[in-house]
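Undergrad: Got a structure for you, questions after.
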Amino acid sequence: MLKFKKMGSDKVPLLLVTANVGSIFEEPSVMLPIWTSEFLQAVSRMDPKFIALHLQEVGGKAYEKSMQYVQDFVQRLCECPELRLFDKIRTFLDEDFSSPEKFTALGNMYFAHSSLTDLKIWDFDLKAYVDVQGKEIHSGNIEKVTTKEKAKFPQHFFLECKWSRKGILRTRWMIRGTAVEFVNIHLFHDASNLLAMEPFPSVGIILSIFVIPTCILRNIYG
């Protein structure tokens, strides 16, 4: 867990979690309760005041059949007793697999404690911060939601694959006067990692995780 402090203000404990949740939707009746319980135990143990939960492969690999369980997953978190004091919630779930050219299966969920009263999120259309109050659940097709920025990586990045869900989903926050940007990136396929290991077996995986995303961002954002 991270903490940051701006001059003249109290420390704000942050809990930052990133997880590939594809497998939990393959056996939702078994895996969803287990995963949720472990996550909430971590929240209770660490006592954060702001939680950023970044998810990849929302809905699992068989997303056409298992996307229906995502709402149950979200409801479990948003209505659980452990998060009852987190009165400001924002979720961004890219679930619209009917648009394969834009579908990333990424999910960003944010929970802010009631003690965080001066909280804002960046509106990418207005190019300004807006106040955060209450709960907003953005799911399904989220293309028109302006408080997030989403991009799918071009298909030519993955020549060995016919189709890909890899992409990026980011938000920008103002937490007690400090600007914080949260970026959810789904990296290359396992096949790409294995290919990277061929010329450099000892560092292939590391390169695929840390170097390639920088190149991708430069291609997308210039």
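Chain labels A, B, ... are given in the sequence in which chains occur in the structure tokens; within each chain residues are numbered consecutively from 1, and ligands are likewise numbered from 1 in the order shown.
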Find the residues near Trp35 in chain A: any atom within 12 Å, counting only C-alpha atoms, skip ones fewer than 3 places away on the same chain, and give them as a PyMOL selection string.
TA: chain A and resi 19-25+27-32+38-42+73+76-77
Undergrad: Just the selected residues (C-alpha atoms), exported as an mmCIF file, in the first residue's frame, please.
TA:
data_model
loop_
_atom_site.group_PDB
_atom_site.id
_atom_site.type_symbol
_atom_site.label_atom_id
_atom_site.label_comp_id
_atom_site.auth_asym_id
_atom_site.auth_seq_id
_atom_site.Cartn_x
_atom_site.Cartn_y
_atom_site.Cartn_z
ATOM 1 C CA ALA A 19 -5.424 -8.431 -11.445
ATOM 2 C CA ASN A 20 -6.165 -10.593 -14.451
ATOM 3 C CA VAL A 21 -9.585 -11.920 -13.451
ATOM 4 C CA GLY A 22 -10.310 -14.032 -16.521
ATOM 5 C CA SER A 23 -10.144 -17.320 -14.629
ATOM 6 C CA ILE A 24 -12.620 -16.345 -11.905
ATOM 7 C CA PHE A 25 -15.395 -16.049 -14.498
ATOM 8 C CA GLU A 27 -16.108 -20.976 -12.478
ATOM 9 C CA PRO A 28 -17.944 -17.978 -11.002
ATOM 10 C CA SER A 29 -19.881 -19.894 -8.340
ATOM 11 C CA VAL A 30 -16.587 -21.084 -6.843
ATOM 12 C CA MET A 31 -14.019 -18.440 -7.742
ATOM 13 C CA LEU A 32 -15.975 -15.194 -7.344
ATOM 14 C CA GLU A 38 -9.404 -12.285 -0.301
ATOM 15 C CA PHE A 39 -9.648 -8.769 -1.711
ATOM 16 C CA LEU A 40 -11.897 -7.548 1.099
ATOM 17 C CA GLN A 41 -9.641 -9.107 3.730
ATOM 18 C CA ALA A 42 -6.771 -7.078 2.277
ATOM 19 C CA PHE A 73 -19.040 -9.267 -9.161
ATOM 20 C CA ARG A 76 -20.592 -7.912 -4.374
ATOM 21 C CA LEU A 77 -17.944 -5.216 -4.022
#
Undergrad: Which residues are near Thr91 in chain A? Cut-off 8 Å, only C-alpha atoms, ignore same chain within fewer than 6 positions. Put them as a list in words.
TA: Gly107, Asn108, Met109, Tyr110, Glu136, Ile137, His138 and Ser139 of chain A
Undergrad: Give the answer as one residue: which of A:Asn141, A:Thr147, A:Asn184, A:Ser114 has the shortest atom-to-atom distance to Pro48 in chain A, using only C-alpha atoms?
TA: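 Closest residue, counting only C-alpha atoms: A:Ser114.
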Undergrad: As a ChimeraX atom specification, list the residues of range 24-153 of chain A assigned to helix (DSSP H, G or I) by DSSP on the backbone atoms of this structure.
TA: /A:24-25,28-46,63-78,81-83
Undergrad: Quick one: write out the picked residues with N, CA and C atoms as a tab-separated table (two decimals), in the first residue's frame?
TA:
chain	number	residue	atom	x	y	z
A	24	ILE	N	-11.56	-16.28	-12.92
A	24	ILE	CA	-12.62	-16.34	-11.90
A	24	ILE	C	-14.00	-16.41	-12.55
A	25	PHE	N	-14.10	-15.99	-13.82
A	25	PHE	CA	-15.39	-16.05	-14.50
A	25	PHE	C	-15.61	-17.39	-15.21
A	28	PRO	N	-17.54	-19.11	-11.86
A	28	PRO	CA	-17.94	-17.98	-11.00
A	28	PRO	C	-18.54	-18.39	-9.66
A	29	SER	N	-19.26	-19.49	-9.61
A	29	SER	CA	-19.88	-19.89	-8.34
A	29	SER	C	-18.84	-20.26	-7.30
A	30	VAL	N	-17.67	-20.70	-7.75
A	30	VAL	CA	-16.59	-21.08	-6.84
A	30	VAL	C	-15.58	-19.95	-6.66
A	31	MET	N	-15.13	-19.37	-7.78
A	31	MET	CA	-14.02	-18.44	-7.74
A	31	MET	C	-14.40	-17.02	-7.31
A	32	LEU	N	-15.59	-16.56	-7.69
A	32	LEU	CA	-15.98	-15.19	-7.34
A	32	LEU	C	-16.01	-14.96	-5.83
A	33	PRO	N	-16.65	-15.83	-5.06
A	33	PRO	CA	-16.64	-15.62	-3.60
A	33	PRO	C	-15.24	-15.67	-3.00
A	34	ILE	N	-14.39	-16.57	-3.50
A	34	ILE	CA	-13.03	-16.69	-2.96
A	34	ILE	C	-12.23	-15.43	-3.26
A	35	TRP	N	-12.26	-14.98	-4.51
A	35	TRP	CA	-11.48	-13.81	-4.90
A	35	TRP	C	-11.96	-12.57	-4.15
A	36	THR	N	-13.28	-12.41	-4.08
A	36	THR	CA	-13.84	-11.24	-3.39
A	36	THR	C	-13.47	-11.24	-1.92
A	37	SER	N	-13.53	-12.40	-1.29
A	37	SER	CA	-13.19	-12.51	0.12
A	37	SER	C	-11.73	-12.13	0.37
A	38	GLU	N	-10.82	-12.60	-0.47
A	38	GLU	CA	-9.40	-12.28	-0.30
A	38	GLU	C	-9.15	-10.79	-0.48
A	39	PHE	N	-9.81	-10.20	-1.47
A	39	PHE	CA	-9.65	-8.77	-1.71
A	39	PHE	C	-10.15	-7.95	-0.52
A	40	LEU	N	-11.32	-8.30	-0.01
A	40	LEU	CA	-11.90	-7.55	1.10
A	40	LEU	C	-11.11	-7.74	2.39
A	41	GLN	N	-10.51	-8.91	2.57
A	41	GLN	CA	-9.64	-9.11	3.73
A	41	GLN	C	-8.44	-8.17	3.66
A	42	ALA	N	-7.90	-7.99	2.45
A	42	ALA	CA	-6.77	-7.08	2.28
A	42	ALA	C	-7.19	-5.65	2.59
A	43	VAL	N	-8.39	-5.26	2.18
A	43	VAL	CA	-8.89	-3.92	2.47
A	43	VAL	C	-9.02	-3.72	3.98
A	44	SER	N	-9.60	-4.69	4.67
A	44	SER	CA	-9.78	-4.58	6.12
A	44	SER	C	-8.45	-4.53	6.84
A	45	ARG	N	-7.49	-5.29	6.35
A	45	ARG	CA	-6.18	-5.36	7.00
A	45	ARG	C	-5.38	-4.08	6.81
A	46	MET	N	-5.46	-3.48	5.63
A	46	MET	CA	-4.62	-2.33	5.30
A	46	MET	C	-5.28	-0.99	5.58
A	63	TYR	N	-16.20	-14.76	-22.92
A	63	TYR	CA	-16.93	-13.59	-22.44
A	63	TYR	C	-18.37	-13.53	-22.95
A	64	GLU	N	-18.66	-14.15	-24.10
A	64	GLU	CA	-20.04	-14.13	-24.59
A	64	GLU	C	-20.99	-14.80	-23.61
A	65	LYS	N	-20.50	-15.84	-22.92
A	65	LYS	CA	-21.32	-16.57	-21.97
A	65	LYS	C	-21.18	-16.05	-20.54
A	66	SER	N	-19.98	-15.63	-20.17
A	66	SER	CA	-19.72	-15.32	-18.76
A	66	SER	C	-19.78	-13.84	-18.41
A	67	MET	N	-19.98	-12.95	-19.40
A	67	MET	CA	-20.05	-11.53	-19.09
A	67	MET	C	-21.23	-11.22	-18.17
A	68	GLN	N	-22.22	-12.10	-18.17
A	68	GLN	CA	-23.40	-11.90	-17.32
A	68	GLN	C	-23.04	-11.90	-15.83
A	69	TYR	N	-21.91	-12.51	-15.48
A	69	TYR	CA	-21.53	-12.60	-14.07
A	69	TYR	C	-20.78	-11.36	-13.58
A	70	VAL	N	-20.43	-10.47	-14.49
A	70	VAL	CA	-19.67	-9.29	-14.10
A	70	VAL	C	-20.48	-8.40	-13.17
A	71	GLN	N	-21.76	-8.24	-13.46
A	71	GLN	CA	-22.59	-7.38	-12.61
A	71	GLN	C	-22.70	-7.92	-11.19
A	72	ASP	N	-22.74	-9.24	-11.05
A	72	ASP	CA	-22.75	-9.84	-9.72
A	72	ASP	C	-21.45	-9.53	-8.99
A	73	PHE	N	-20.35	-9.59	-9.72
A	73	PHE	CA	-19.04	-9.27	-9.16
A	73	PHE	C	-19.00	-7.82	-8.67
A	74	VAL	N	-19.48	-6.90	-9.49
A	74	VAL	CA	-19.50	-5.48	-9.12
A	74	VAL	C	-20.40	-5.25	-7.92
A	75	GLN	N	-21.56	-5.89	-7.92
A	75	GLN	CA	-22.51	-5.72	-6.82
A	75	GLN	C	-21.93	-6.24	-5.51
A	76	ARG	N	-21.21	-7.36	-5.58
A	76	ARG	CA	-20.59	-7.91	-4.37
A	76	ARG	C	-19.66	-6.89	-3.72
A	77	LEU	N	-18.90	-6.18	-4.55
A	77	LEU	CA	-17.94	-5.22	-4.02
A	77	LEU	C	-18.63	-3.94	-3.55
A	78	CYS	N	-19.52	-3.41	-4.37
A	78	CYS	CA	-20.13	-2.11	-4.06
A	78	CYS	C	-21.07	-2.16	-2.86
A	81	PRO	N	-20.23	-5.00	3.31
A	81	PRO	CA	-20.06	-4.24	4.56
A	81	PRO	C	-18.66	-3.66	4.71
A	82	GLU	N	-17.66	-4.35	4.19
A	82	GLU	CA	-16.28	-3.88	4.35
A	82	GLU	C	-16.04	-2.54	3.66
A	83	LEU	N	-16.85	-2.23	2.66
A	83	LEU	CA	-16.67	-0.97	1.92
A	83	LEU	C	-17.80	0.02	2.19
Undergrad: Go through A:Val12, A:Ile89, A:Leu126, A:Ile142 one by one, measure the shortest atom-to-atom distance of each to Ile175 in chain A using only C-alpha atoms, and give the residue with the smallest value.
TA: A:Val12
Undergrad: Could you tell me how far CA of Ser115 in chain A lies from CA of Glu181 in chain A, in Å and to one decimal?
TA: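 Separation of CA of Ser115 in chain A and CA of Glu181 in chain A: 20.5 Å.
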Undergrad: Where does DSSP see strand (DSSP E or B) in range 20-204 of chain A, if you list the residues as a PyMOL selection string?
TA: chain A and resi 20+50-56+88-93+107-112+119-123+128-131+135-138+149-152+167-175+178-185
Undergrad: Find, counting only C-alpha atoms, the residue in A:Phe50, A:Phe97, A:Phe103, A:Phe92 that gets nearest to Arg176 in chain A.
TA: A:Phe50
Undergrad: Just to confirm, what's the straight-line distance from CA of Lys11 in chain A to CA of Lys88 in chain A in Å (one decimal)?
TA: 18.7 Å
Undergrad: What does the structure give for the distance between CA of Gly177 in chain A and CA of Ile51 in chain A, in Å to one decimal?
TA: 17.1 Å
